[in-house]
Amino acid sequence: MDGSSVYFVHSFYPQPTDESIVATRTTYGETFASSIWRDNVYATQFHPEKSQSVGLQLLHNFVELAGKG
C-alpha cells in the first residue's frame, strides 16, 4: 500500500545483488529494500507485528498464502 507506514527498530537493511527478489522499497533518508521474496520465502526488515493495521494485513496475507500452499 503506497504511503503506508511500518515499524523499523534499527537501521540495518538487506542489499540484495538480485534485484528481482525485492518486494518493497522504503525511503527514509535513502531508499532501501525493506522486504524480499523468492518462491515461497518472504522476509521483511520491519516488524509487521508492531506495524498496526498494515502489519496485521500483511500477517493475514502470509497466513492466507500458507493455507493455499
# chains A, B, ... in the order shown; residues from 1 in each chain; ligands from 1

call {"tool": "residues_around", "arguments": {"residues": "range 2-18 of chain A", "least_positions_apart": "6", "cutoff": "10 Å", "atoms": "only C-alpha atoms", "output": "PyMOL selection string"}}
result
chain A and resi 26+28+32-36+44-55

call {"tool": "residues_around", "arguments": {"residues": "Val41 in chain A", "least_positions_apart": "3", "cutoff": "12 Å", "atoms": "only C-alpha atoms", "output": "list in words"}}
result
Ile21, Val22, Ala23, Ser35, Ile36, Trp37, Arg38, Thr44, Phe62, Leu65, Ala66 and Gly69 of chain A

call {"tool": "select_by_dssp", "arguments": {"residues": "chain A", "states": "strand (DSSP E)", "output": "list in words"}}
result
Val22, Ala23, Thr24, Arg25, Thr26, Thr27, Tyr28, Glu30, Thr31, Phe32, Ala33, Ser34, Ser35, Ile36, Trp37, Arg38, Val41, Tyr42, Ala43 and Thr44 of chain A

call {"tool": "write_last_selection", "arguments": {"atoms": "C-alpha atoms", "output": "mmCIF file, in the first residue's frame"}}
result
data_model
loop_
_atom_site.group_PDB
_atom_site.id
_atom_site.type_symbol
_atom_site.label_atom_id
_atom_site.label_comp_id
_atom_site.auth_asym_id
_atom_site.auth_seq_id
_atom_site.Cartn_x
_atom_site.Cartn_y
_atom_site.Cartn_z
ATOM 1 C CA VAL A 22 12.987 -7.121 -3.856
ATOM 2 C CA ALA A 23 9.290 -6.995 -2.920
ATOM 3 C CA THR A 24 9.182 -3.496 -1.387
ATOM 4 C CA ARG A 25 11.381 -0.461 -1.067
ATOM 5 C CA THR A 26 11.267 2.179 1.624
ATOM 6 C CA THR A 27 12.648 5.686 1.522
ATOM 7 C CA TYR A 28 13.901 7.043 4.833
ATOM 8 C CA GLU A 30 17.832 6.773 1.422
ATOM 9 C CA THR A 31 15.890 4.152 -0.498
ATOM 10 C CA PHE A 32 16.450 0.540 0.519
ATOM 11 C CA ALA A 33 14.933 -2.926 0.174
ATOM 12 C CA SER A 34 12.503 -3.350 3.068
ATOM 13 C CA SER A 35 11.169 -6.778 2.095
ATOM 14 C CA ILE A 36 12.219 -9.554 -0.222
ATOM 15 C CA TRP A 37 10.698 -12.727 -1.621
ATOM 16 C CA ARG A 38 11.611 -15.685 -3.751
ATOM 17 C CA VAL A 41 10.013 -17.432 1.122
ATOM 18 C CA TYR A 42 9.108 -13.925 2.290
ATOM 19 C CA ALA A 43 11.162 -11.704 4.613
ATOM 20 C CA THR A 44 10.641 -8.221 5.985
#
